[in-house]
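Visitor: Next comes the structure file final.pdb, holding PDB, C-alpha atoms.
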```
ATOM      1  CA  MET A   1      42.022  29.913 -21.194
ATOM      2  CA  THR A   2      39.932  31.623 -23.840
ATOM      3  CA  ASP A   3      36.930  29.411 -23.147
ATOM      4  CA  ALA A   4      37.218  30.070 -19.413
ATOM      5  CA  TYR A   5      37.357  33.822 -20.061
ATOM      6  CA  GLU A   6      34.248  33.743 -22.217
ATOM      7  CA  ASP A   7      32.396  31.611 -19.681
ATOM      8  CA  TRP A   8      33.163  34.077 -16.872
ATOM      9  CA  ILE A   9      32.135  37.039 -19.057
ATOM     10  CA  ARG A  10      28.832  35.397 -20.046
ATOM     11  CA  GLY A  11      28.108  34.625 -16.418
ATOM     12  CA  ALA A  12      28.943  38.173 -15.318
ATOM     13  CA  ARG A  13      26.699  39.736 -17.950
ATOM     14  CA  GLU A  14      23.842  37.465 -16.974
ATOM     15  CA  SER A  15      24.357  38.404 -13.315
ATOM     16  CA  GLU A  16      24.253  42.077 -14.275
ATOM     17  CA  ARG A  17      21.007  41.574 -16.190
ATOM     18  CA  GLN A  18      19.509  39.909 -13.134
ATOM     19  CA  GLY A  19      20.735  42.718 -10.870
ATOM     20  CA  ASP A  20      23.166  40.512  -8.902
ATOM     21  CA  THR A  21      26.080  42.952  -8.820
ATOM     22  CA  GLY A  22      28.018  40.974  -6.217
ATOM     23  CA  ALA A  23      28.114  37.911  -8.455
ATOM     24  CA  ALA A  24      28.988  40.080 -11.472
ATOM     25  CA  LEU A  25      32.021  41.538  -9.680
ATOM     26  CA  TYR A  26      33.197  38.045  -8.700
ATOM     27  CA  GLN A  27      32.826  36.757 -12.253
ATOM     28  CA  TYR A  28      34.499  39.732 -13.924
ATOM     29  CA  GLU A  29      37.464  39.441 -11.543
ATOM     30  CA  HIS A  30      37.827  35.780 -12.469
ATOM     31  CA  ALA A  31      37.580  36.656 -16.174
ATOM     32  CA  LEU A  32      40.416  39.140 -15.678
ATOM     33  CA  ALA A  33      42.488  36.504 -13.872
ATOM     34  CA  THR A  34      42.298  34.170 -16.891
ATOM     35  CA  LEU A  35      44.180  36.689 -19.075
ATOM     36  CA  THR A  36      47.838  35.736 -18.839
ATOM     37  CA  ASP A  37      49.249  38.643 -20.883
ATOM     38  CA  ARG A  38      47.269  41.646 -19.660
ATOM     39  CA  GLY A  39      49.801  44.130 -20.985
ATOM     40  CA  HIS A  40      49.043  43.152 -24.578
ATOM     41  CA  ASP A  41      45.483  41.825 -24.401
ATOM     42  CA  SER A  42      42.821  44.466 -25.089
ATOM     43  CA  ARG A  43      40.282  42.393 -23.184
ATOM     44  CA  ALA A  44      42.021  43.374 -19.941
ATOM     45  CA  ALA A  45      41.109  47.035 -20.544
ATOM     46  CA  ASP A  46      37.542  45.961 -21.325
ATOM     47  CA  VAL A  47      37.098  43.907 -18.141
ATOM     48  CA  LEU A  48      38.551  46.674 -15.977
ATOM     49  CA  ARG A  49      35.928  48.969 -17.496
ATOM     50  CA  TYR A  50      33.148  46.447 -16.890
ATOM     51  CA  LEU A  51      34.202  46.249 -13.238
ATOM     52  CA  GLY A  52      34.097  50.035 -12.998
ATOM     53  CA  SER A  53      30.544  50.106 -14.297
ATOM     54  CA  VAL A  54      29.347  47.523 -11.776
ATOM     55  CA  TYR A  55      30.918  49.524  -8.946
ATOM     56  CA  ARG A  56      29.262  52.677 -10.306
ATOM     57  CA  GLU A  57      25.865  50.966 -10.320
ATOM     58  CA  ARG A  58      26.448  50.024  -6.678
ATOM     59  CA  GLY A  59      27.176  53.659  -5.785
ATOM     60  CA  GLU A  60      30.855  52.911  -5.089
ATOM     61  CA  VAL A  61      32.102  55.856  -7.119
ATOM     62  CA  ASP A  62      35.732  55.916  -5.965
ATOM     63  CA  ARG A  63      36.196  52.261  -6.865
ATOM     64  CA  ALA A  64      34.494  52.841 -10.199
ATOM     65  CA  GLU A  65      36.818  55.731 -11.022
ATOM     66  CA  GLN A  66      39.841  53.647 -10.042
ATOM     67  CA  ARG A  67      38.844  50.853 -12.412
ATOM     68  CA  TYR A  68      38.057  53.257 -15.271
ATOM     69  CA  THR A  69      41.446  54.932 -14.784
ATOM     70  CA  GLN A  70      43.161  51.536 -14.838
ATOM     71  CA  SER A  71      41.226  50.662 -17.997
ATOM     72  CA  TYR A  72      42.366  53.889 -19.685
ATOM     73  CA  ALA A  73      45.987  53.283 -18.701
ATOM     74  CA  ALA A  74      45.875  49.699 -19.985
ATOM     75  CA  ALA A  75      44.320  50.800 -23.293
ATOM     76  CA  GLU A  76      46.837  53.606 -23.679
ATOM     77  CA  ALA A  77      49.793  51.284 -23.069
ATOM     78  CA  MET A  78      48.718  48.946 -25.871
ATOM     79  CA  GLY A  79      47.369  51.580 -28.283
ATOM     80  CA  TYR A  80      43.797  50.308 -27.971
ATOM     81  CA  VAL A  81      41.872  53.350 -29.236
ATOM     82  CA  ASP A  82      38.384  51.910 -28.763
ATOM     83  CA  GLY A  83      39.269  51.152 -25.131
ATOM     84  CA  LEU A  84      40.524  54.709 -24.664
ATOM     85  CA  ALA A  85      37.226  56.099 -25.956
ATOM     86  CA  HIS A  86      35.128  53.866 -23.702
ATOM     87  CA  ALA A  87      37.182  54.696 -20.605
ATOM     88  CA  SER A  88      37.102  58.435 -21.370
ATOM     89  CA  ASN A  89      33.321  58.268 -21.679
ATOM     90  CA  TRP A  90      32.882  56.528 -18.317
ATOM     91  CA  LEU A  91      35.341  58.827 -16.561
ATOM     92  CA  GLY A  92      33.162  61.642 -17.901
ATOM     93  CA  VAL A  93      30.112  60.001 -16.332
ATOM     94  CA  VAL A  94      31.892  59.892 -12.961
ATOM     95  CA  ALA A  95      32.943  63.542 -13.257
ATOM     96  CA  MET A  96      29.386  64.544 -14.214
ATOM     97  CA  GLY A  97      27.960  62.728 -11.191
ATOM     98  CA  ARG A  98      30.326  64.649  -8.951
ATOM     99  CA  GLY A  99      29.240  67.934 -10.467
ATOM    100  CA  CYS A 100      32.473  68.618 -12.373
ATOM    101  CA  LEU A 101      30.662  69.497 -15.599
ATOM    102  CA  ALA A 102      33.580  71.225 -17.366
ATOM    103  CA  GLU A 103      35.781  68.197 -16.719
ATOM    104  CA  ALA A 104      32.984  65.865 -17.819
ATOM    105  CA  GLU A 105      32.453  67.762 -21.060
ATOM    106  CA  ALA A 106      36.189  67.648 -21.829
ATOM    107  CA  LEU A 107      36.212  63.891 -21.247
ATOM    108  CA  PHE A 108      33.110  63.341 -23.402
ATOM    109  CA  GLN A 109      34.622  65.409 -26.228
ATOM    110  CA  ARG A 110      37.866  63.425 -25.955
ATOM    111  CA  ALA A 111      35.841  60.220 -26.069
ATOM    112  CA  ARG A 112      33.953  61.496 -29.130
ATOM    113  CA  ARG A 113      37.234  62.177 -30.973
ATOM    114  CA  GLN A 114      38.620  58.776 -30.018
ATOM    115  CA  ALA A 115      35.404  56.979 -31.021
ATOM    116  CA  GLY A 116      35.486  58.793 -34.363
ATOM    117  CA  ARG A 117      38.870  57.206 -35.107
ATOM    118  CA  THR A 118      37.382  53.719 -34.747
ATOM    119  CA  HIS A 119      33.981  54.486 -36.356
ATOM    120  CA  ASN A 120      32.216  52.981 -33.330
ATOM    121  CA  GLU A 121      28.615  54.071 -33.888
ATOM    122  CA  ARG A 122      27.327  52.481 -30.700
ATOM    123  CA  LEU A 123      29.866  54.299 -28.564
ATOM    124  CA  ALA A 124      29.230  57.540 -30.448
ATOM    125  CA  GLY A 125      25.571  57.187 -29.515
ATOM    126  CA  ALA A 126      26.436  56.615 -25.852
ATOM    127  CA  ILE A 127      28.566  59.770 -25.849
ATOM    128  CA  GLU A 128      25.749  61.780 -27.442
ATOM    129  CA  GLN A 129      23.422  60.514 -24.736
ATOM    130  CA  ASN A 130      25.811  61.647 -22.003
ATOM    131  CA  LEU A 131      26.220  65.049 -23.624
ATOM    132  CA  GLY A 132      22.423  65.238 -23.596
ATOM    133  CA  ILE A 133      22.375  64.557 -19.859
ATOM    134  CA  LEU A 134      25.059  67.182 -19.283
ATOM    135  CA  THR A 135      23.301  69.893 -21.286
ATOM    136  CA  ASN A 136      20.032  69.012 -19.552
ATOM    137  CA  ILE A 137      21.697  69.577 -16.161
ATOM    138  CA  ARG A 138      22.914  72.943 -17.407
ATOM    139  CA  GLY A 139      19.359  73.856 -18.370
ATOM    140  CA  ASP A 140      19.939  73.922 -22.115
ATOM    141  CA  LEU A 141      16.922  71.778 -22.927
ATOM    142  CA  ASP A 142      16.926  72.423 -26.675
ATOM    143  CA  ALA A 143      20.536  71.204 -26.960
ATOM    144  CA  ALA A 144      19.667  68.173 -24.825
ATOM    145  CA  VAL A 145      16.848  67.201 -27.196
ATOM    146  CA  ILE A 146      19.270  67.390 -30.146
ATOM    147  CA  HIS A 147      21.836  65.167 -28.408
ATOM    148  CA  TYR A 148      19.195  62.604 -27.395
ATOM    149  CA  ARG A 149      17.661  62.444 -30.871
ATOM    150  CA  CYS A 150      21.116  62.016 -32.393
ATOM    151  CA  ALA A 151      21.792  59.156 -29.966
ATOM    152  CA  LEU A 152      18.435  57.562 -30.782
ATOM    153  CA  ALA A 153      19.198  57.667 -34.509
ATOM    154  CA  GLN A 154      22.587  56.024 -33.990
ATOM    155  CA  PHE A 155      21.215  53.255 -31.774
ATOM    156  CA  ARG A 156      18.323  52.570 -34.125
ATOM    157  CA  ALA A 157      20.813  52.356 -37.008
ATOM    158  CA  VAL A 158      22.785  49.610 -35.263
ATOM    159  CA  ALA A 159      19.641  47.961 -33.803
ATOM    160  CA  ASP A 160      20.941  48.308 -30.244
ATOM    161  CA  GLU A 161      17.799  47.899 -28.143
ATOM    162  CA  TRP A 162      19.723  47.931 -24.854
ATOM    163  CA  MET A 163      21.121  51.438 -25.396
ATOM    164  CA  LEU A 164      17.984  52.618 -27.169
ATOM    165  CA  GLY A 165      16.030  52.019 -23.976
ATOM    166  CA  LEU A 166      18.505  54.087 -21.941
ATOM    167  CA  VAL A 167      18.171  57.082 -24.258
ATOM    168  CA  LEU A 168      14.382  56.845 -24.343
ATOM    169  CA  ASN A 169      14.399  56.867 -20.547
ATOM    170  CA  ASN A 170      16.467  60.066 -20.469
ATOM    171  CA  LEU A 171      14.298  61.618 -23.162
ATOM    172  CA  GLY A 172      11.228  60.862 -21.049
ATOM    173  CA  LEU A 173      12.793  62.744 -18.158
ATOM    174  CA  LEU A 174      13.471  65.686 -20.441
ATOM    175  CA  TYR A 175       9.852  65.670 -21.641
ATOM    176  CA  THR A 176       8.836  65.697 -17.964
ATOM    177  CA  ASP A 177      10.927  68.845 -17.443
ATOM    178  CA  LEU A 178       9.234  70.353 -20.498
ATOM    179  CA  ARG A 179       5.822  69.381 -19.041
ATOM    180  CA  GLN A 180       5.002  67.327 -22.132
ATOM    181  CA  TRP A 181       3.254  64.664 -20.081
ATOM    182  CA  GLU A 182       1.886  62.402 -22.812
ATOM    183  CA  GLU A 183       5.209  62.305 -24.663
ATOM    184  CA  ALA A 184       7.016  61.523 -21.392
ATOM    185  CA  GLU A 185       4.651  58.686 -20.565
ATOM    186  CA  ARG A 186       4.904  57.295 -24.097
ATOM    187  CA  VAL A 187       8.702  57.110 -24.145
ATOM    188  CA  PHE A 188       8.837  55.742 -20.580
ATOM    189  CA  ASP A 189       6.478  52.953 -21.663
ATOM    190  CA  GLU A 190       8.682  52.188 -24.678
ATOM    191  CA  ALA A 191      11.815  52.235 -22.530
ATOM    192  CA  PHE A 192      10.195  49.942 -19.955
ATOM    193  CA  ASP A 193       9.135  47.450 -22.634
ATOM    194  CA  LEU A 194      12.696  47.389 -23.976
ATOM    195  CA  ALA A 195      14.051  46.908 -20.446
ATOM    196  CA  VAL A 196      11.831  43.865 -19.944
ATOM    197  CA  SER A 197      12.480  42.381 -23.387
ATOM    198  CA  THR A 198      16.270  42.752 -23.038
ATOM    199  CA  GLY A 199      16.398  41.738 -19.373
ATOM    200  CA  ASN A 200      17.865  45.115 -18.386
ATOM    201  CA  SER A 201      17.005  45.370 -14.683
ATOM    202  CA  MET A 202      19.029  48.581 -14.279
ATOM    203  CA  LEU A 203      16.927  50.321 -16.932
ATOM    204  CA  GLU A 204      13.708  48.888 -15.508
ATOM    205  CA  ASN A 205      14.687  50.341 -12.131
ATOM    206  CA  SER A 206      15.537  53.739 -13.609
ATOM    207  CA  VAL A 207      12.279  53.952 -15.580
ATOM    208  CA  GLU A 208      10.265  53.321 -12.418
ATOM    209  CA  VAL A 209      12.197  56.093 -10.625
ATOM    210  CA  ASN A 210      11.491  58.487 -13.476
ATOM    211  CA  ARG A 211       7.831  57.489 -13.579
ATOM    212  CA  ALA A 212       7.666  58.540  -9.943
ATOM    213  CA  GLU A 213       9.015  61.960 -10.893
ATOM    214  CA  LEU A 214       6.478  62.219 -13.706
ATOM    215  CA  GLY A 215       3.639  61.291 -11.341
ATOM    216  CA  ILE A 216       4.671  63.939  -8.825
ATOM    217  CA  ALA A 217       5.008  66.591 -11.545
ATOM    218  CA  ARG A 218       1.476  65.783 -12.753
ATOM    219  CA  GLY A 219       0.039  65.699  -9.234
ATOM    220  CA  ARG A 220      -0.758  61.985  -9.534
ATOM    221  CA  LEU A 221       0.601  60.954  -6.150
ATOM    222  CA  ASP A 222      -0.875  57.444  -6.098
ATOM    223  CA  TYR A 223       0.770  56.704  -9.462
ATOM    224  CA  ALA A 224       4.070  58.113  -8.141
ATOM    225  CA  ALA A 225       3.869  56.134  -4.902
ATOM    226  CA  GLU A 226       3.284  52.870  -6.768
ATOM    227  CA  ALA A 227       6.280  53.582  -9.020
ATOM    228  CA  CYS A 228       8.384  54.295  -5.917
ATOM    229  CA  THR A 229       7.411  50.981  -4.350
ATOM    230  CA  ARG A 230       8.433  49.063  -7.467
ATOM    231  CA  ALA A 231      11.636  51.076  -7.879
ATOM    232  CA  LYS A 232      12.716  50.591  -4.263
ATOM    233  CA  VAL A 233      12.307  46.815  -4.444
ATOM    234  CA  LEU A 234      14.381  46.705  -7.631
ATOM    235  CA  ALA A 235      17.080  48.981  -6.175
ATOM    236  CA  GLN A 236      17.426  46.888  -3.035
ATOM    237  CA  LEU A 237      17.581  43.664  -5.041
ATOM    238  CA  ARG A 238      20.338  45.202  -7.153
ATOM    239  CA  SER A 239      22.196  46.779  -4.180
ATOM    240  CA  ASP A 240      21.855  50.080  -6.051
ATOM    241  CA  ARG A 241      22.217  52.752  -3.373
ATOM    242  CA  GLN A 242      21.963  55.647  -5.792
ATOM    243  CA  ARG A 243      18.561  54.565  -7.110
ATOM    244  CA  GLU A 244      17.418  53.840  -3.570
ATOM    245  CA  ALA A 245      18.385  57.394  -2.571
ATOM    246  CA  GLU A 246      16.353  58.781  -5.478
ATOM    247  CA  VAL A 247      13.352  56.718  -4.420
ATOM    248  CA  LEU A 248      13.651  57.976  -0.837
ATOM    249  CA  LYS A 249      13.700  61.544  -2.152
ATOM    250  CA  PHE A 250      10.481  61.030  -4.105
ATOM    251  CA  GLN A 251       8.834  59.165  -1.229
ATOM    252  CA  GLY A 252       9.714  62.137   0.963
ATOM    253  CA  VAL A 253       8.139  64.536  -1.528
ATOM    254  CA  ILE A 254       4.984  62.414  -1.746
ATOM    255  CA  ALA A 255       4.751  62.266   2.058
ATOM    256  CA  ARG A 256       5.252  66.033   2.252
ATOM    257  CA  GLU A 257       2.445  66.662  -0.239
ATOM    258  CA  ARG A 258       0.199  64.327   1.768
ATOM    259  CA  ARG A 259       1.219  66.096   5.010
ATOM    260  CA  ASP A 260       2.613  62.852   6.377
ATOM    261  CA  SER A 261       5.025  63.304   9.295
ATOM    262  CA  ILE A 262       7.426  60.692   7.863
ATOM    263  CA  ALA A 263       8.480  63.121   5.110
ATOM    264  CA  ARG A 264      11.385  64.586   7.073
ATOM    265  CA  GLU A 265      12.750  61.171   7.991
ATOM    266  CA  LEU A 266      12.626  60.030   4.362
ATOM    267  CA  LEU A 267      14.340  63.153   3.025
ATOM    268  CA  THR A 268      17.017  63.002   5.710
ATOM    269  CA  GLU A 269      17.735  59.381   4.824
ATOM    270  CA  ALA A 270      17.850  60.287   1.132
ATOM    271  CA  ALA A 271      20.367  63.063   1.863
ATOM    272  CA  SER A 272      22.610  60.686   3.795
ATOM    273  CA  LEU A 273      22.572  58.065   1.057
ATOM    274  CA  ALA A 274      23.197  60.666  -1.672
ATOM    275  CA  ARG A 275      26.309  61.824   0.221
ATOM    276  CA  GLN A 276      27.531  58.238   0.486
ATOM    277  CA  CYS A 277      27.160  57.893  -3.298
ATOM    278  CA  ASP A 278      28.881  61.262  -3.866
ATOM    279  CA  ASP A 279      25.981  62.294  -6.112
ATOM    280  CA  ARG A 280      25.992  66.074  -5.842
ATOM    281  CA  LEU A 281      23.038  66.660  -8.112
ATOM    282  CA  LEU A 282      20.925  64.370  -5.969
ATOM    283  CA  MET A 283      22.269  66.054  -2.826
ATOM    284  CA  ALA A 284      21.150  69.416  -4.224
ATOM    285  CA  GLU A 285      17.705  68.101  -5.165
ATOM    286  CA  VAL A 286      17.147  66.593  -1.727
ATOM    287  CA  ALA A 287      18.252  69.833  -0.029
ATOM    288  CA  ARG A 288      15.727  71.730  -2.162
ATOM    289  CA  GLU A 289      12.881  69.391  -1.229
ATOM    290  CA  LEU A 290      13.832  69.401   2.450
ATOM    291  CA  GLY A 291      13.922  73.213   2.372
ATOM    292  CA  GLU A 292      10.383  73.248   0.985
ATOM    293  CA  LEU A 293       9.222  70.963   3.799
ATOM    294  CA  LEU A 294      10.868  73.150   6.439
ATOM    295  CA  TYR A 295       9.362  76.290   4.907
ATOM    296  CA  ARG A 296       5.873  74.816   4.984
ATOM    297  CA  ASP A 297       6.403  73.804   8.599
ATOM    298  CA  GLY A 298       7.196  77.424   9.481
ATOM    299  CA  GLU A 299      10.912  76.785  10.099
ATOM    300  CA  GLN A 300      12.100  79.615   7.884
ATOM    301  CA  GLU A 301      15.703  79.822   9.094
ATOM    302  CA  GLU A 302      16.216  76.084   8.641
ATOM    303  CA  ALA A 303      14.568  76.338   5.219
ATOM    304  CA  ARG A 304      16.939  79.159   4.277
ATOM    305  CA  ILE A 305      19.958  77.042   5.257
ATOM    306  CA  SER A 306      18.731  74.065   3.242
ATOM    307  CA  TRP A 307      17.910  76.159   0.178
ATOM    308  CA  ALA A 308      21.264  77.953   0.395
ATOM    309  CA  ARG A 309      22.985  74.544   0.402
ATOM    310  CA  ALA A 310      20.952  73.509  -2.635
ATOM    311  CA  MET A 311      21.707  76.785  -4.421
ATOM    312  CA  ASP A 312      25.460  76.430  -3.828
ATOM    313  CA  LEU A 313      25.425  72.859  -5.101
ATOM    314  CA  PHE A 314      23.389  73.757  -8.190
ATOM    315  CA  GLN A 315      25.760  76.641  -8.891
ATOM    316  CA  SER A 316      28.815  74.377  -8.600
ATOM    317  CA  LEU A 317      27.127  71.934 -10.979
ATOM    318  CA  GLY A 318      26.346  74.610 -13.540
ATOM    319  CA  ALA A 319      22.642  73.750 -13.205
ATOM    320  CA  ARG A 320      21.493  77.207 -14.284
ATOM    321  CA  LEU A 321      17.707  76.818 -14.086
ATOM    322  CA  ASP A 322      17.797  75.085 -10.695
ATOM    323  CA  TYR A 323      20.214  77.694  -9.354
ATOM    324  CA  GLN A 324      17.929  80.510 -10.508
ATOM    325  CA  GLU A 325      14.948  78.834  -8.854
ATOM    326  CA  MET A 326      16.765  78.595  -5.509
ATOM    327  CA  HIS A 327      18.100  82.138  -5.790
ATOM    328  CA  GLY A 328      14.545  83.361  -6.321
ATOM    329  CA  ARG A 329      13.185  81.403  -3.350
ATOM    330  CA  LEU A 330      15.913  82.747  -1.065
ATOM    331  CA  SER A 331      15.361  86.325  -2.260
ATOM    332  CA  ALA A 332      11.627  86.035  -1.590
ATOM    333  CA  LEU A 333      12.341  84.590   1.849
ATOM    334  CA  ALA A 334      14.609  87.518   2.719
ATOM    335  CA  ALA A 335      12.117  90.143   1.507
TER     336      ALA A 335
END
```
Using structure tokens, write down the structure from this file.
Guide:
Amino acid sequence: MTDAYEDWIRGARESERQGDTGAALYQYEHALATLTDRGHDSRAADVLRYLGSVYRERGEVDRAEQRYTQSYAAAEAMGYVDGLAHASNWLGVVAMGRGCLAEAEALFQRARRQAGRTHNERLAGAIEQNLGILTNIRGDLDAAVIHYRCALAQFRAVADEWMLGLVLNNLGLLYTDLRQWEEAERVFDEAFDLAVSTGNSMLENSVEVNRAELGIARGRLDYAAEACTRAKVLAQLRSDRQREAEVLKFQGVIARERRDSIARELLTEAASLARQCDDRLLMAEVARELGELLYRDGEQEEARISWARAMDLFQSLGARLDYQEMHGRLSALAA
């Protein structure tokens, strides 16, 4: 049975690398089925977590949370501390995506304590990365840089190129927010090269999405549009609805800046897909961009409604800088 388990796991990981999430789910389920004593086999907690992560990539957040919760319960029942730390970390990711930042932080801190008991440097790096994302959302950019650099040091220490690429990608996004264009482009290039060399299609997809954001921020719309085209193809191949929603948002922004009438259709589609994925940060960002389009089209009342929705979402997320931006826009509109 052990050989069958390992065969299914190898196949599932290869399917994930290729972006075939449907096949990965099938193979992980079969790997789980080979374990005859799930109540005492730590691998059961691991596979349940792997399943959760595939569902999360597909934008099926409720199913992902269910699997992560099952993984935590299985690990707790057998005293599998490393499994507890991993599940806590991923439950924190789900909470963060839903905008429950206080809950996410509590879960990440619990995961950090649990990982410390097992001296799992790789997991500690992953937790630092997620804390960097969380503090970035809150607008504490200096703290985010510290978390990301700490994660980079830990992943370099264990020579984990897969996770190193993920952190570099997030750091590039932070440099974009800081308007440090050359640094952003440099780390995106490094992250992309690692994605290709490790066969990480998820990271490749995410880098292209973030390159689109960098292009828009720099006013290089052709560069951004090309990145969107590549990112959308990858997202559709991977059945990744969340990344597809992000691409639609950026395509809508590009169309708006080019005064293309398709902008509203793209942003509306992005909003719908973001709701389906229960990604509240993305919902807020799309509402902000749609409000800008409506304002430019002279539809001030509709713009006010869209910006108010974005402001409320940013406030609920604890996204301080974004909330302040929307509050300022609404105040100027009312003046």
Visitor: For A:Ala157, which residue among A:Met283, A:Ala124, A:Leu25, A:Cys277 is the nearest when counting all atoms listed in the file?
Guide: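 Ranking A:Met283, A:Ala124, A:Leu25, A:Cys277 by distance to A:Ala157, first place goes to A:Ala124.
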Visitor: Pick from A:Ala106, A:Leu141, A:Leu166, A:Ala263: nearest to A:Gln129, with all atoms listed in the file counted?
Guide: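 Residue with the minimum atom-to-atom distance to A:Gln129: A:Leu166.
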Visitor: Give one line per residue of stretch 217-301 of chain A that approaches stretch 317-328 of chain A to at most 9 Å, naming the two atoms of the closest pair and their distance in Å to one decimal, counting all atoms listed in the file; sort by chain then ascending residue number and deliver it as a Markdown table.
Guide:
```
| residue | atom | partner | partner_atom | distance |
| --- | --- | --- | --- | --- |
| A:Arg280 | CA | A:Leu317 | CA | 7.9 |
| A:Leu281 | CA | A:Leu317 | CA | 7.3 |
| A:Glu285 | CA | A:Asp322 | CA | 8.9 |
| A:Arg288 | CA | A:Met326 | CA | 7.7 |
```
Visitor: With only C-alpha atoms as the basis for distance, which of A:Glu246, A:Asp41, A:Glu183, A:Glu121 is at the shortest distance from A:Ala77?
Guide: A:Asp41
Visitor: Would you translate the PyMOL selection byres ((chain A and resi 123) around 9) into the concrete set of residues it matches in this file, as a PDB file with C-alpha atoms, keeping the file's coordinate frame?
Guide:
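Now in selection04.pdb:
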```
ATOM      1  CA  ASP A  82      38.384  51.910 -28.763  1.00  0.00           C
ATOM      2  CA  ALA A  85      37.226  56.099 -25.956  1.00  0.00           C
ATOM      3  CA  HIS A  86      35.128  53.866 -23.702  1.00  0.00           C
ATOM      4  CA  ASN A  89      33.321  58.268 -21.679  1.00  0.00           C
ATOM      5  CA  ALA A 111      35.841  60.220 -26.069  1.00  0.00           C
ATOM      6  CA  ARG A 112      33.953  61.496 -29.130  1.00  0.00           C
ATOM      7  CA  ALA A 115      35.404  56.979 -31.021  1.00  0.00           C
ATOM      8  CA  HIS A 119      33.981  54.486 -36.356  1.00  0.00           C
ATOM      9  CA  ASN A 120      32.216  52.981 -33.330  1.00  0.00           C
ATOM     10  CA  GLU A 121      28.615  54.071 -33.888  1.00  0.00           C
ATOM     11  CA  ARG A 122      27.327  52.481 -30.700  1.00  0.00           C
ATOM     12  CA  ALA A 124      29.230  57.540 -30.448  1.00  0.00           C
ATOM     13  CA  GLY A 125      25.571  57.187 -29.515  1.00  0.00           C
ATOM     14  CA  ALA A 126      26.436  56.615 -25.852  1.00  0.00           C
ATOM     15  CA  ILE A 127      28.566  59.770 -25.849  1.00  0.00           C
ATOM     16  CA  GLU A 128      25.749  61.780 -27.442  1.00  0.00           C
TER      17      GLU A 128
END
```
Visitor: Of the candidates A:Gln18, A:Ser206, A:Thr36, A:Asn130, which one gets nearest to A:Ala143 if we count all atoms listed in the file?
Guide: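 Among the listed residues, A:Asn130 lies closest to A:Ala143.
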Visitor: Any idea what the distance is between atom CA of A:Thr268 and atom CA of A:Gly139?
Guide: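 Between atom CA of A:Thr268 and atom CA of A:Gly139 the gap is 26.5 Å.
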Visitor: Using the chain letters and numbers from the file, give me the residues hit by the PyMOL selection byres ((chain A and resi 293-296) around 10), as a list of chain:residue names.
Guide: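 When the PyMOL selection byres ((chain A and resi 293-296) around 10) is applied to the shown file, the picked residues are A:Gly252, A:Val253, A:Ala255, A:Arg256, A:Glu257, A:Arg259, A:Ala263, A:Arg264, A:Leu267, A:Ala287, A:Arg288, A:Glu289, A:Leu290, A:Gly291, A:Glu292, A:Asp297, A:Gly298, A:Glu299, A:Gln300, A:Glu301, A:Glu302, A:Ala303, A:Arg304, A:Ile305, A:Ser306, A:Trp307, A:Leu333.
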Visitor: At a cut-off of 10 Å around the point (18.0, 40.5, -5.5) (file coordinates), what residues fall inside when counting only C-alpha atoms? I'd like the answer as a ChimeraX atom specification.
Guide: /A:18-21,233-239
Visitor: I'd like the interatomic distance between atom CA of A:Leu131 and atom CA of A:Ile9, to a tenth of an Å.
Guide: 29.0 Å
Visitor: Write out as a VMD selection string which residues come within 9 Å of A:Arg179 when counting all atoms listed in the file, dropping same-chain ones fewer than 4 positions away.
Guide: chain A and resid 174 to 175 184 214 217 to 218
